[in-house]
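Trainee: Sharing run_36.cif below, mmCIF, C-alpha atoms and all ligand atoms:
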data_entry
loop_
_atom_site.label_atom_id
_atom_site.label_comp_id
_atom_site.auth_asym_id
_atom_site.auth_seq_id
_atom_site.Cartn_x
_atom_site.Cartn_y
_atom_site.Cartn_z
CA MET E 1 -20.11 47.12 4.75
CA ALA E 2 -22.37 45.19 2.36
CA THR E 3 -25.54 47.03 1.26
CA GLU E 4 -27.78 44.29 2.66
CA LYS E 5 -26.16 44.60 6.09
CA LEU E 6 -26.59 48.40 6.01
CA LYS E 7 -30.27 48.01 5.09
CA GLU E 8 -30.72 45.60 7.98
CA LEU E 9 -29.08 48.05 10.41
CA LYS E 10 -31.35 50.85 9.14
CA GLN E 11 -34.42 48.68 9.71
CA VAL E 12 -33.30 47.80 13.25
CA GLU E 13 -32.67 51.47 14.07
CA LYS E 14 -36.04 52.49 12.61
CA ALA E 15 -37.82 49.82 14.65
CA GLU E 16 -36.08 51.19 17.77
CA VAL E 17 -37.27 54.72 16.92
CA ALA E 18 -40.86 53.52 16.36
CA SER E 19 -40.85 51.58 19.62
CA TYR E 20 -39.38 54.55 21.53
CA PHE E 21 -42.02 56.99 20.16
CA ASN E 22 -44.82 54.53 20.92
CA GLY E 23 -43.66 54.15 24.53
CA MET E 24 -41.40 56.20 26.77
CA GLY E 25 -40.64 58.69 23.98
CA PHE E 26 -44.33 59.34 23.39
CA ASP E 27 -44.88 60.20 27.02
CA ARG E 28 -41.81 62.46 27.13
CA TRP E 29 -42.45 64.33 23.84
CA ASN E 30 -46.18 64.60 24.40
CA ARG E 31 -45.40 66.49 27.63
CA ILE E 32 -42.71 68.63 25.96
CA TYR E 33 -45.07 69.54 23.09
CA SER E 34 -47.86 70.70 25.40
CA ASP E 35 -48.31 73.15 28.24
CA SER E 36 -47.83 70.43 30.88
CA GLU E 37 -46.04 71.58 34.04
CA ASP E 38 -44.56 68.09 34.33
CA VAL E 39 -41.32 68.91 32.51
CA ASN E 40 -37.79 69.55 33.72
CA ASN E 41 -35.74 72.61 32.78
CA VAL E 42 -34.10 70.99 29.78
CA GLN E 43 -37.48 69.81 28.44
CA ARG E 44 -39.00 73.26 29.02
CA ASN E 45 -36.10 74.74 27.11
CA ILE E 46 -36.58 72.33 24.19
CA ARG E 47 -40.28 73.30 24.19
CA ILE E 48 -39.36 76.99 23.84
CA GLY E 49 -36.84 76.34 21.06
CA HIS E 50 -39.17 74.02 19.15
CA GLN E 51 -42.02 76.53 19.34
CA LYS E 52 -39.76 79.08 17.60
CA THR E 53 -39.22 76.60 14.74
CA VAL E 54 -42.96 75.90 14.44
CA ASP E 55 -43.84 79.62 14.59
CA ASP E 56 -41.31 80.47 11.87
CA ALA E 57 -42.53 77.67 9.61
CA LEU E 58 -46.14 78.84 10.05
CA LEU E 59 -45.12 82.44 9.37
CA TRP E 60 -43.35 81.44 6.15
CA LEU E 61 -46.41 79.44 5.07
CA LYS E 62 -48.69 82.37 5.86
CA GLU E 63 -46.45 84.85 4.01
CA PHE E 64 -46.65 82.71 0.89
CA GLY E 65 -50.39 83.35 0.97
CA GLY E 66 -53.46 81.39 -0.09
CA VAL E 67 -52.92 78.33 2.12
CA SER E 68 -56.58 77.48 1.55
CA GLU E 69 -55.76 76.54 -2.05
CA MET E 70 -52.82 74.35 -1.16
CA SER E 71 -52.13 70.75 -0.21
CA PHE E 72 -49.63 70.01 2.54
CA CYS E 73 -47.77 66.99 3.81
CA ASP E 74 -46.55 67.13 7.42
CA ALA E 75 -44.05 64.28 7.48
CA GLY E 76 -43.24 63.02 10.99
CA CYS E 77 -45.95 65.22 12.50
CA GLY E 78 -45.49 64.18 16.14
CA VAL E 79 -48.47 65.38 18.17
CA GLY E 80 -49.47 67.89 15.50
CA SER E 81 -47.59 71.01 16.65
CA LEU E 82 -47.46 72.23 13.05
CA CYS E 83 -50.36 70.58 11.24
CA LEU E 84 -53.02 71.56 13.79
CA PRO E 85 -52.38 75.34 13.67
CA LEU E 86 -51.95 75.02 9.90
CA ALA E 87 -55.39 73.41 9.68
CA ALA E 88 -56.78 76.18 11.91
CA MET E 89 -55.31 78.71 9.42
CA GLY E 90 -57.61 77.16 6.80
CA ALA E 91 -55.14 75.02 4.85
CA GLY E 92 -56.68 73.29 1.84
CA THR E 93 -55.74 69.70 2.70
CA ILE E 94 -53.13 68.26 5.03
CA ALA E 95 -51.76 64.72 5.13
CA ALA E 96 -50.16 64.29 8.55
CA SER E 97 -48.11 61.17 9.18
CA ASP E 98 -45.77 59.71 11.74
CA ILE E 99 -44.02 56.41 12.31
CA SER E 100 -45.62 56.25 15.78
CA GLN E 101 -49.26 55.21 16.12
CA SER E 102 -49.33 56.84 19.58
CA MET E 103 -48.28 60.19 18.09
CA ILE E 104 -50.96 59.93 15.40
CA SER E 105 -53.69 59.04 17.91
CA GLU E 106 -52.70 62.04 20.04
CA THR E 107 -52.69 64.38 17.02
CA GLN E 108 -56.15 63.11 16.10
CA ARG E 109 -57.37 63.58 19.68
CA ARG E 110 -56.02 67.14 19.78
CA ALA E 111 -57.63 67.91 16.41
CA GLU E 112 -61.00 66.73 17.72
CA VAL E 113 -60.65 68.78 20.92
CA LEU E 114 -59.89 71.85 18.78
CA GLY E 115 -62.93 71.13 16.60
CA LEU E 116 -60.91 71.18 13.37
CA ASP E 117 -62.44 70.18 10.05
CA LEU E 118 -61.35 66.55 9.80
CA SER E 119 -62.44 66.24 6.20
CA ARG E 120 -59.37 68.30 5.23
CA LEU E 121 -56.93 66.84 7.73
CA LYS E 122 -55.97 63.20 7.21
CA PHE E 123 -53.78 61.10 9.48
CA PHE E 124 -51.51 58.19 8.57
CA THR E 125 -49.18 55.97 10.52
CA SER E 126 -46.24 55.73 8.16
CA ASP E 127 -42.50 56.11 8.06
CA LEU E 128 -41.09 58.84 5.84
CA GLU E 129 -39.71 56.32 3.34
CA SER E 130 -43.18 54.94 2.55
CA LEU E 131 -44.82 58.32 1.92
CA GLN E 132 -46.33 58.71 -1.53
CA GLY E 133 -48.33 61.34 -3.34
CA SER E 134 -47.95 64.89 -4.54
CA PHE E 135 -48.35 67.97 -2.37
CA HIS E 136 -47.88 71.68 -2.97
CA THR E 137 -45.72 71.90 0.15
CA VAL E 138 -43.96 69.21 2.15
CA ILE E 139 -42.86 70.00 5.70
CA CYS E 140 -40.62 67.85 7.90
CA LEU E 141 -39.62 69.40 11.22
CA ASP E 142 -37.06 67.97 13.64
CA VAL E 143 -37.34 64.39 12.35
CA PHE E 144 -33.91 64.14 10.71
CA ILE E 145 -32.36 63.89 14.18
CA HIS E 146 -32.98 60.15 13.69
CA TYR E 147 -31.15 60.02 10.35
CA PRO E 148 -27.39 59.91 9.76
CA GLN E 149 -26.06 62.24 7.04
CA LYS E 150 -26.36 60.01 3.97
CA ALA E 151 -29.81 58.73 4.95
CA ALA E 152 -31.01 62.30 5.64
CA GLU E 153 -29.80 63.41 2.20
CA GLU E 154 -31.59 60.45 0.64
CA MET E 155 -34.71 61.50 2.57
CA VAL E 156 -34.45 65.09 1.30
CA ARG E 157 -34.44 63.68 -2.24
CA HIS E 158 -37.48 61.54 -1.45
CA LEU E 159 -39.39 64.47 0.08
CA CYS E 160 -38.49 66.64 -2.95
CA SER E 161 -40.10 64.00 -5.16
CA LEU E 162 -43.37 64.52 -3.24
CA ALA E 163 -43.25 68.34 -3.33
CA GLU E 164 -44.69 70.24 -6.29
CA ASP E 165 -43.40 73.59 -5.17
CA ARG E 166 -41.87 73.81 -1.75
CA LEU E 167 -40.04 71.82 0.90
CA ILE E 168 -39.50 73.04 4.46
CA VAL E 169 -37.21 71.01 6.71
CA SER E 170 -35.50 71.51 10.04
CA PHE E 171 -32.65 69.55 11.59
CA ALA E 172 -29.92 69.85 14.21
CA PRO E 173 -26.95 71.33 12.33
CA TYR E 174 -23.46 69.92 12.77
CA THR E 175 -21.30 72.41 14.65
CA LEU E 176 -18.08 71.87 16.53
CA PHE E 177 -19.80 72.97 19.73
CA LEU E 178 -22.57 70.36 19.38
CA ALA E 179 -20.05 67.70 18.43
CA ILE E 180 -18.11 68.41 21.63
CA LEU E 181 -21.31 68.42 23.71
CA LYS E 182 -22.30 65.07 22.22
CA GLY E 183 -18.82 63.70 22.89
CA ILE E 184 -19.05 64.77 26.53
CA GLY E 185 -22.52 63.17 26.79
CA GLN E 186 -21.08 59.87 25.57
CA LEU E 187 -18.50 59.88 28.36
CA PHE E 188 -21.25 59.41 30.93
CA PRO E 189 -22.12 55.80 31.76
CA GLY E 190 -25.60 54.28 31.97
CA PRO E 191 -28.30 53.44 29.46
CA SER E 192 -29.33 56.11 26.97
CA LYS E 193 -32.65 57.77 27.77
CA THR E 194 -33.31 58.59 24.14
CA THR E 195 -32.75 57.20 20.68
CA ARG E 196 -29.55 57.93 18.76
CA ALA E 197 -29.36 61.60 17.73
CA TYR E 198 -27.56 62.82 14.62
CA THR E 199 -26.41 66.32 13.72
CA LEU E 200 -26.23 67.05 10.01
CA ARG E 201 -23.95 68.99 7.72
CA GLU E 202 -26.08 71.68 6.14
CA GLU E 203 -24.18 71.73 2.85
CA GLY E 204 -25.11 68.07 2.21
CA ILE E 205 -28.80 68.77 2.84
CA ILE E 206 -28.73 71.77 0.48
CA ARG E 207 -26.86 69.80 -2.18
CA ALA E 208 -29.44 66.99 -2.04
CA ALA E 209 -32.28 69.48 -2.58
CA ASN E 210 -30.36 71.25 -5.37
CA ASP E 211 -29.86 67.91 -7.13
CA CYS E 212 -33.65 67.60 -7.27
CA GLY E 213 -34.15 71.06 -8.76
CA PHE E 214 -34.94 72.87 -5.52
CA GLU E 215 -33.13 76.04 -4.45
CA LEU E 216 -32.62 77.43 -0.99
CA CYS E 217 -35.05 80.26 -0.46
CA ARG E 218 -34.43 81.17 3.18
CA SER E 219 -33.11 79.70 6.39
CA LYS E 220 -33.00 80.43 10.10
CA LEU E 221 -31.21 78.93 13.08
CA ASN E 222 -33.43 78.58 16.13
CA GLN E 223 -31.80 77.96 19.43
CA ALA E 224 -32.40 77.80 23.11
CA PRO E 225 -29.62 76.49 25.34
CA PHE E 226 -30.67 72.84 24.85
CA TYR E 227 -32.20 73.12 21.39
CA PHE E 228 -30.56 73.84 18.03
CA SER E 229 -32.49 73.56 14.81
CA LYS E 230 -31.84 74.90 11.34
CA LEU E 231 -35.03 75.64 9.43
CA ILE E 232 -34.71 75.79 5.65
CA GLU E 233 -37.23 76.55 2.94
CA PHE E 234 -36.51 75.22 -0.53
CA ARG E 235 -38.47 76.18 -3.63
CA LYS E 236 -38.67 74.21 -6.82
CA ILE E 237 -37.08 75.92 -9.79
CA HIS E 238 -39.87 75.92 -12.37
CA SER E 239 -38.54 76.30 -15.90
CA SER E 240 -39.96 79.57 -17.29
CA LYS E 241 -42.30 79.08 -20.20
CA THR E 242 -41.00 81.45 -22.86
CA LEU E 243 -42.84 81.73 -26.15
C1 LIG E 301 -38.86 65.37 17.71
S1 LIG E 301 -40.39 64.80 17.08
C2 LIG E 301 -40.88 66.13 15.99
C3 LIG E 301 -42.37 66.07 15.67
C4 LIG E 301 -42.93 67.17 14.78
N1 LIG E 301 -42.37 67.15 13.45
C5 LIG E 301 -42.77 68.51 15.43
O1 LIG E 301 -41.87 69.27 15.04
O2 LIG E 301 -43.53 68.80 16.34
C6 LIG E 301 -39.84 63.58 15.94
C7 LIG E 301 -40.97 62.78 15.34
O3 LIG E 301 -40.47 62.06 14.22
C8 LIG E 301 -41.10 60.80 14.19
N2 LIG E 301 -40.23 59.92 13.39
C9 LIG E 301 -38.99 59.48 13.68
N3 LIG E 301 -38.50 58.72 12.68
C10 LIG E 301 -39.46 58.67 11.74
C11 LIG E 301 -39.58 58.03 10.47
N4 LIG E 301 -38.59 57.28 9.96
N5 LIG E 301 -40.71 58.19 9.77
C12 LIG E 301 -41.72 58.94 10.26
N6 LIG E 301 -41.69 59.57 11.46
C13 LIG E 301 -40.57 59.43 12.19
C14 LIG E 301 -41.21 60.41 15.65
O4 LIG E 301 -42.19 59.41 15.86
C15 LIG E 301 -41.58 61.75 16.28
O5 LIG E 301 -42.97 61.93 16.34
#
Reformat the file's structure so that it appears as structure tokens.
Ligand SMILES: C[S@@+](CC[C@H](N)C(=O)[O-])C[C@H]1O[C@@H](n2cnc3c(N)ncnc32)[C@H](O)[C@@H]1O

Mentor:
Amino acid sequence: MATEKLKELKQVEKAEVASYFNGMGFDRWNRIYSDSEDVNNVQRNIRIGHQKTVDDALLWLKEFGGVSEMSFCDAGCGVGSLCLPLAAMGAGTIAASDISQSMISETQRRAEVLGLDLSRLKFFTSDLESLQGSFHTVICLDVFIHYPQKAAEEMVRHLCSLAEDRLIVSFAPYTLFLAILKGIGQLFPGPSKTTRAYTLREEGIIRAANDCGFELCRSKLNQAPFYFSKLIEFRKIHSSKTL
């Protein structure tokens, strides 16, 4: 397919994602990422699984030490499940962004309720592709579900270009089991209640980071029956300065 046509398709799909997360998707995910009782069993289960991913990422950030000296980028921050506790931990500066204005407004509202220092926590409505700048650590949790393999690898390369030292990403890994589940899901008729969801081959994600001079430092698979997410920390290989 011609490159222009592919670009056009990407734009259409991205517009669908933005519209979903500004409307029905915002309502659904805002409830999942909260302590609302208004969730079904599957949503409750996703909440539990996602919290494991957030907790692990925060633990890894804490273990690295000295977050107060560091700058962070939370790309596709949703309602702030990661950036808000990170700010409460005393992170130096955080740039939190999301394609959805509704998500950003809710993150901002939650930050105000928590009384966080807003001079160190900045919010932007932006898609991942448009992000610019340089940050000690870039984090992107559970956003790649909206990216097919090649686009996700391209995005890893883009996020690496923003990260001075570390990149932490999570995504739904491709497994035969998930592929079968997805296949079964597609057999059911009726309109989709979500946006398109992609599982990704881990080796492609790692290769993309390696190409940018980042090496895999650690990884963990978090799962709950309706949630699968592979969390990976990459570190930049800094050339040693020998005299
Ligand atoms: C499943 S939520 C995860 C949110 C957050 N990272 C977390 O773990 O709590 C996915 C988020 O990605 C955002 N998103 C999807 N595609 C995006 C894109 N191209 N650029 C920026 N954000 C995007 C959605 O608006 C949504 O808030």

Trainee: Which residues form the shell of 7 Å around ligand LIG 301 (chain E) when you count only C-alpha atoms and all ligand atoms, given as a list in words?

Mentor: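 Counting only what the definition allows, namely only C-alpha atoms and all ligand atoms, the set is Lys14, Val17, Ala18, Phe21, Tyr33, His50, Val54, Ala75, Gly76, Cys77, Gly78, Val79, Gly80, Ser81, Leu82, Ser97, Asp98, Ile99, Ser100, Met103, Ser126, Asp127, Leu128, Glu129, Cys140, Leu141, Asp142, Val143 and His146 of chain E.
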
Trainee: I need the residue nearest Leu167 (chain E) from this list: E:Ile94, E:Ala197, E:Ala57, E:Leu116. Use all atoms listed in the file for the distance.

Mentor: E:Ala57

Trainee: Would you work out the distance separating CA of Ala152 (chain E) from CA of Ile206 (chain E), expressed in Å to one decimal?

Mentor: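 A separation of 11.0 Å between them.
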
Trainee: Find the residues near Lys236 (chain E): any atom within 10 Å, counting only C-alpha atoms, skip ones fewer than 6 places away on the same chain, and give them as an mmCIF file with C-alpha atoms, in the frame of the given file.

Mentor:
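After the write, part_30.cif holds the following:
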data_model
loop_
_atom_site.group_PDB
_atom_site.id
_atom_site.type_symbol
_atom_site.label_atom_id
_atom_site.label_comp_id
_atom_site.auth_asym_id
_atom_site.auth_seq_id
_atom_site.Cartn_x
_atom_site.Cartn_y
_atom_site.Cartn_z
ATOM 1 C CA CYS E 160 -38.490 66.640 -2.950
ATOM 2 C CA ALA E 163 -43.250 68.340 -3.330
ATOM 3 C CA GLU E 164 -44.690 70.240 -6.290
ATOM 4 C CA ASP E 165 -43.400 73.590 -5.170
ATOM 5 C CA ARG E 166 -41.870 73.810 -1.750
ATOM 6 C CA LEU E 167 -40.040 71.820 0.900
ATOM 7 C CA ALA E 209 -32.280 69.480 -2.580
ATOM 8 C CA ASN E 210 -30.360 71.250 -5.370
ATOM 9 C CA CYS E 212 -33.650 67.600 -7.270
ATOM 10 C CA GLY E 213 -34.150 71.060 -8.760
ATOM 11 C CA PHE E 214 -34.940 72.870 -5.520
ATOM 12 C CA GLU E 215 -33.130 76.040 -4.450
ATOM 13 C CA LEU E 216 -32.620 77.430 -0.990
ATOM 14 C CA CYS E 217 -35.050 80.260 -0.460
#

Trainee: How many Å lie between CA of Asn45 (chain E) and CA of Leu231 (chain E), rounded to one decimal?

Mentor: 17.7 Å

Trainee: When you draw a straight line from CA of Phe135 (chain E) to CA of Cys83 (chain E), how long is it in Å?

Mentor: 14.0 Å

Trainee: Please provide the set of residues having any atom within 10 Å of Arg196 (chain E), restricted to all atoms listed in the file, with same-chain residues fewer than 5 positions apart removed, written as an mmCIF file with C-alpha atoms, in the frame of the given file.

Mentor:
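Now in result37.cif:
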data_model
loop_
_atom_site.group_PDB
_atom_site.id
_atom_site.type_symbol
_atom_site.label_atom_id
_atom_site.label_comp_id
_atom_site.auth_asym_id
_atom_site.auth_seq_id
_atom_site.Cartn_x
_atom_site.Cartn_y
_atom_site.Cartn_z
ATOM 1 C CA GLU E 13 -32.670 51.470 14.070
ATOM 2 C CA GLU E 16 -36.080 51.190 17.770
ATOM 3 C CA VAL E 17 -37.270 54.720 16.920
ATOM 4 C CA ILE E 145 -32.360 63.890 14.180
ATOM 5 C CA HIS E 146 -32.980 60.150 13.690
ATOM 6 C CA TYR E 147 -31.150 60.020 10.350
ATOM 7 C CA PRO E 148 -27.390 59.910 9.760
#

Trainee: Using all atoms listed in the file, can you tell me which of E:Pro173, E:Phe124, E:Ser102, E:Leu59 comes closest to Gly25 (chain E)?

Mentor: E:Ser102

Trainee: Just the residues within 6 Å of region 84-93 of chain E, please, counting only C-alpha atoms, with nothing from its chain fewer than 5 positions along; format it as a compact mmCIF listing (two decimals) with C-alpha atoms, in the frame of the given file.

Mentor:
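Below is the file that was written, around.txt:
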# COMPACT_ATOMS: atom_id res chain seq x y z
CA VAL E 67 -52.92 78.33 2.12
CA SER E 68 -56.58 77.48 1.55
CA GLU E 69 -55.76 76.54 -2.05
CA MET E 70 -52.82 74.35 -1.16
CA SER E 71 -52.13 70.75 -0.21
CA ARG E 120 -59.37 68.30 5.23
CA LEU E 121 -56.93 66.84 7.73

Trainee: Restricting the calculation to all atoms listed in the file: of E:Asp27, E:Glu112, E:Glu106, E:Asp211, which residue gets closest to Glu154 (chain E)?

Mentor: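 Distance minimum relative to Glu154 (chain E) lands on E:Asp211.
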